[in-house]
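Have a look at model35.cif; it's mmCIF, C-alpha atoms:
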data_input
loop_
_atom_site.group_PDB
_atom_site.id
_atom_site.type_symbol
_atom_site.label_atom_id
_atom_site.label_comp_id
_atom_site.auth_asym_id
_atom_site.auth_seq_id
_atom_site.Cartn_x
_atom_site.Cartn_y
_atom_site.Cartn_z
ATOM 1 C CA MET A 1 -59.436 -41.430 -29.971
ATOM 2 C CA HIS A 2 -61.456 -38.569 -28.538
ATOM 3 C CA GLY A 3 -63.009 -35.873 -30.690
ATOM 4 C CA PRO A 4 -63.157 -32.148 -29.883
ATOM 5 C CA GLY A 5 -66.587 -32.552 -28.280
ATOM 6 C CA ASP A 6 -65.467 -35.232 -25.810
ATOM 7 C CA GLU A 7 -64.564 -33.439 -22.566
ATOM 8 C CA LYS A 8 -62.655 -35.970 -20.455
ATOM 9 C CA ARG A 9 -60.137 -33.592 -18.851
ATOM 10 C CA ASP A 10 -59.612 -33.310 -15.095
ATOM 11 C CA ALA A 11 -58.915 -29.571 -15.349
ATOM 12 C CA GLU A 12 -60.477 -26.884 -17.486
ATOM 13 C CA ARG A 13 -58.266 -25.386 -20.195
ATOM 14 C CA PHE A 14 -58.134 -21.665 -20.877
ATOM 15 C CA ARG A 15 -57.474 -20.095 -24.255
ATOM 16 C CA ILE A 16 -54.499 -17.711 -24.292
ATOM 17 C CA LEU A 17 -55.155 -14.343 -25.897
ATOM 18 C CA GLY A 18 -51.940 -13.010 -27.355
ATOM 19 C CA GLU A 19 -48.712 -14.951 -26.984
ATOM 20 C CA LEU A 20 -47.428 -17.156 -24.193
ATOM 21 C CA HIS A 21 -44.009 -18.747 -24.725
ATOM 22 C CA GLY A 22 -42.394 -21.860 -23.306
ATOM 23 C CA GLU A 23 -39.603 -24.244 -24.129
ATOM 24 C CA VAL A 24 -39.431 -27.984 -24.608
ATOM 25 C CA MET A 25 -36.514 -29.942 -23.152
ATOM 26 C CA ILE A 26 -35.215 -32.685 -25.414
ATOM 27 C CA PHE A 27 -32.257 -34.896 -24.541
ATOM 28 C CA GLN A 28 -29.614 -34.617 -27.263
ATOM 29 C CA PRO A 29 -26.493 -36.774 -27.466
ATOM 30 C CA MET A 30 -23.203 -35.422 -26.142
ATOM 31 C CA ALA A 31 -19.729 -36.861 -25.624
ATOM 32 C CA ILE A 32 -18.239 -36.446 -22.149
ATOM 33 C CA LYS A 33 -14.552 -35.630 -22.666
ATOM 34 C CA GLU A 34 -13.524 -34.836 -19.080
ATOM 35 C CA ILE A 35 -15.287 -35.147 -15.737
ATOM 36 C CA SER A 36 -14.648 -34.001 -12.182
ATOM 37 C CA ARG A 37 -16.753 -33.801 -9.054
ATOM 38 C CA ALA A 38 -17.512 -30.165 -9.936
ATOM 39 C CA GLY A 39 -18.288 -30.412 -13.651
ATOM 40 C CA ALA A 40 -17.520 -31.804 -17.074
ATOM 41 C CA GLN A 41 -16.242 -30.901 -20.511
ATOM 42 C CA VAL A 42 -18.631 -32.087 -23.202
ATOM 43 C CA GLU A 43 -18.836 -32.074 -26.985
ATOM 44 C CA THR A 44 -22.113 -31.474 -28.815
ATOM 45 C CA GLY A 45 -23.243 -30.857 -32.376
ATOM 46 C CA PHE A 46 -24.915 -27.605 -31.309
ATOM 47 C CA PRO A 47 -23.872 -24.603 -29.202
ATOM 48 C CA LEU A 48 -24.872 -24.314 -25.543
ATOM 49 C CA GLN A 49 -25.740 -20.790 -24.408
ATOM 50 C CA LEU A 50 -23.380 -19.282 -21.834
ATOM 51 C CA ASP A 51 -24.811 -19.379 -18.272
ATOM 52 C CA SER A 52 -27.795 -21.497 -19.359
ATOM 53 C CA LEU A 53 -28.930 -24.344 -17.093
ATOM 54 C CA HIS A 54 -29.475 -27.864 -18.404
ATOM 55 C CA ASP A 55 -30.394 -31.261 -17.026
ATOM 56 C CA LEU A 56 -27.628 -33.623 -18.160
ATOM 57 C CA ARG A 57 -28.034 -37.380 -18.230
ATOM 58 C CA LEU A 58 -24.643 -38.959 -17.540
ATOM 59 C CA THR A 59 -24.039 -42.653 -18.099
ATOM 60 C CA LEU A 60 -21.178 -43.453 -15.738
ATOM 61 C CA GLY A 61 -20.218 -47.072 -16.166
ATOM 62 C CA ASP A 62 -23.303 -49.135 -15.417
ATOM 63 C CA ARG A 63 -25.118 -46.275 -13.660
ATOM 64 C CA SER A 64 -27.031 -43.355 -15.086
ATOM 65 C CA VAL A 65 -27.692 -40.077 -13.258
ATOM 66 C CA ILE A 66 -29.249 -36.726 -14.103
ATOM 67 C CA VAL A 67 -27.423 -33.643 -12.866
ATOM 68 C CA LYS A 68 -28.140 -29.945 -13.383
ATOM 69 C CA GLY A 69 -25.328 -28.060 -15.086
ATOM 70 C CA ARG A 70 -24.516 -24.410 -15.848
ATOM 71 C CA VAL A 71 -22.628 -23.666 -19.070
ATOM 72 C CA ALA A 72 -19.387 -21.894 -18.148
ATOM 73 C CA HIS A 73 -17.955 -21.682 -21.676
ATOM 74 C CA CYS A 74 -18.687 -22.884 -25.205
ATOM 75 C CA TYR A 75 -16.570 -22.715 -28.358
ATOM 76 C CA ILE A 76 -16.247 -24.409 -31.733
ATOM 77 C CA SER A 77 -13.677 -27.180 -31.365
ATOM 78 C CA ASP A 78 -13.835 -28.746 -34.831
ATOM 79 C CA VAL A 79 -15.325 -28.168 -38.266
ATOM 80 C CA ASP A 80 -15.463 -31.064 -40.730
ATOM 81 C CA GLN A 81 -17.292 -30.349 -43.996
ATOM 82 C CA GLU A 82 -20.763 -29.325 -42.754
ATOM 83 C CA LEU A 83 -20.392 -30.846 -39.261
ATOM 84 C CA VAL A 84 -19.520 -28.431 -36.440
ATOM 85 C CA VAL A 85 -18.452 -29.730 -33.010
ATOM 86 C CA TYR A 86 -18.853 -27.494 -29.967
ATOM 87 C CA CYS A 87 -16.865 -27.945 -26.759
ATOM 88 C CA SER A 88 -18.530 -26.726 -23.549
ATOM 89 C CA GLY A 89 -17.495 -26.554 -19.941
ATOM 90 C CA VAL A 90 -20.389 -27.359 -17.631
ATOM 91 C CA GLU A 91 -20.387 -26.677 -13.884
ATOM 92 C CA PHE A 92 -22.579 -29.026 -11.855
ATOM 93 C CA VAL A 93 -25.060 -27.211 -9.599
ATOM 94 C CA GLU A 94 -27.461 -28.401 -6.882
ATOM 95 C CA VAL A 95 -25.951 -31.905 -6.917
ATOM 96 C CA SER A 96 -27.751 -34.359 -4.640
ATOM 97 C CA ASP A 97 -25.731 -36.553 -2.281
ATOM 98 C CA ARG A 98 -26.687 -39.660 -4.274
ATOM 99 C CA VAL A 99 -25.559 -38.199 -7.602
ATOM 100 C CA SER A 100 -22.374 -36.851 -6.031
ATOM 101 C CA ALA A 101 -21.610 -40.324 -4.663
ATOM 102 C CA VAL A 102 -22.106 -41.937 -8.104
ATOM 103 C CA ILE A 103 -19.793 -39.373 -9.762
ATOM 104 C CA THR A 104 -17.149 -39.792 -7.041
ATOM 105 C CA GLU A 105 -17.321 -43.590 -7.287
ATOM 106 C CA PHE A 106 -16.920 -43.400 -11.085
ATOM 107 C CA ILE A 107 -13.917 -41.041 -10.833
ATOM 108 C CA ASN A 108 -12.293 -43.240 -8.180
ATOM 109 C CA ALA A 109 -12.758 -46.298 -10.404
ATOM 110 C CA ILE A 110 -11.026 -44.469 -13.281
ATOM 111 C CA LYS A 111 -8.161 -43.414 -10.998
ATOM 112 C CA ASP A 112 -7.770 -46.966 -9.729
ATOM 113 C CA GLY A 113 -7.651 -48.230 -13.317
ATOM 114 C CA ARG A 114 -10.658 -50.486 -12.782
ATOM 115 C CA ARG A 115 -12.779 -48.880 -15.461
ATOM 116 C CA ALA A 116 -11.740 -47.891 -18.968
ATOM 117 C CA VAL A 117 -13.810 -45.192 -20.604
#
Go through the file and emit its structure as structure tokens.
Amino acid sequence: MHGPGDEKRDAERFRILGELHGEVMIFQPMAIKEISRAGAQVETGFPLQLDSLHDLRLTLGDRSVIVKGRVAHCYISDVDQELVVYCSGVEFVEVSDRVSAVITEFINAIKDGRRAV
């Protein structure tokens, strides 16, 4: 453990006068209800802001990919006691060829009846 007097950094830090804001990205669980090559419908326990961009980790069968998605719509789909479920439509953007191939392969497997979800 290093104390405040131990300077072992590669780059000098600068104190911010005033306020400087940022955001932290944390993966939260979601249920994928529908999927296409262009996007997905997902359920979350929190609202997703319209037009916001998110990195989504999709576990498609035995493969996992991360795809960027833009929120096209979000609404409350269910309320049970204190639990609220939000349904969101997410449009995939800037999809790499590799990720597109994994999604297409997964969808084809569902269509062929080889994979139950």
Between atom CA of A:Thr104 and atom CA of A:Phe27 - distance in Å to one decimal: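 The value is 23.6 Å.
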Å distance separating atom CA of A:Arg57 from atom CA of A:Val95, one decimal place: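 So the answer is 12.7 Å.
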Gap from atom CA of A:Gly45 to atom CA of A:Tyr75 - Å, one decimal: 11.3 Å
With the PyMOL selection byres ((chain A and resi 47) around 12) as the selection, what would be picked from this file? Answer as a compact mmCIF listing (two decimals) with C-alpha atoms, keeping the file's coordinate frame, please.
# COMPACT_ATOMS: atom_id res chain seq x y z
CA GLN A 28 -29.61 -34.62 -27.26
CA MET A 30 -23.20 -35.42 -26.14
CA VAL A 42 -18.63 -32.09 -23.20
CA GLU A 43 -18.84 -32.07 -26.98
CA THR A 44 -22.11 -31.47 -28.82
CA GLY A 45 -23.24 -30.86 -32.38
CA PHE A 46 -24.92 -27.60 -31.31
CA LEU A 48 -24.87 -24.31 -25.54
CA GLN A 49 -25.74 -20.79 -24.41
CA LEU A 50 -23.38 -19.28 -21.83
CA SER A 52 -27.80 -21.50 -19.36
CA VAL A 71 -22.63 -23.67 -19.07
CA HIS A 73 -17.95 -21.68 -21.68
CA CYS A 74 -18.69 -22.88 -25.20
CA TYR A 75 -16.57 -22.72 -28.36
CA ILE A 76 -16.25 -24.41 -31.73
CA SER A 77 -13.68 -27.18 -31.36
CA VAL A 84 -19.52 -28.43 -36.44
CA VAL A 85 -18.45 -29.73 -33.01
CA TYR A 86 -18.85 -27.49 -29.97
CA CYS A 87 -16.86 -27.94 -26.76
CA SER A 88 -18.53 -26.73 -23.55
CA GLY A 89 -17.50 -26.55 -19.94
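Of the residues listed (A:Glu23, A:Asp10, A:Asp78, A:Glu34), A:Glu34 shows the shortest atom-to-atom separation from A:Ile110; distances use all atoms listed in the file.
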Give the padded box for stretch 75-91 of chain A as AutoDock Vina command-line options: axis-aligned, covering all atoms listed in the file, 4 Å on each side, centre and edge lengths in Å to one decimal.
--center_x -17.2 --center_y -26.9 --center_z -28.9 --size_x 15.1 --size_y 16.3 --size_z 38.1
Long-range neighbours of A:Phe106 as a ChimeraX atom specification, 9 Å cut-off, only C-alpha atoms, 3 positions minimum in chain: /A:60-61,101-103,109-111,115
Nearest to A:Thr59 by atom-to-atom distance, counting only C-alpha atoms, from A:Ala38, A:Lys8, A:Glu91, A:Ala31: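 The answer is A:Ala31, which sits nearest to A:Thr59.
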Minimum-distance residue to A:Ile26, chosen among A:Gln41, A:His54, A:Asp80, A:Val90 (using all atoms listed in the file):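 Smallest separation from A:Ile26 among the options: A:His54.
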Who sits within 12 Å of A:Val93, only C-alpha atoms, same chain under 2 positions skipped, as number ranges by chain: A: 37-40, 51-56, 66-72, 90-91, 95-97, 99-100
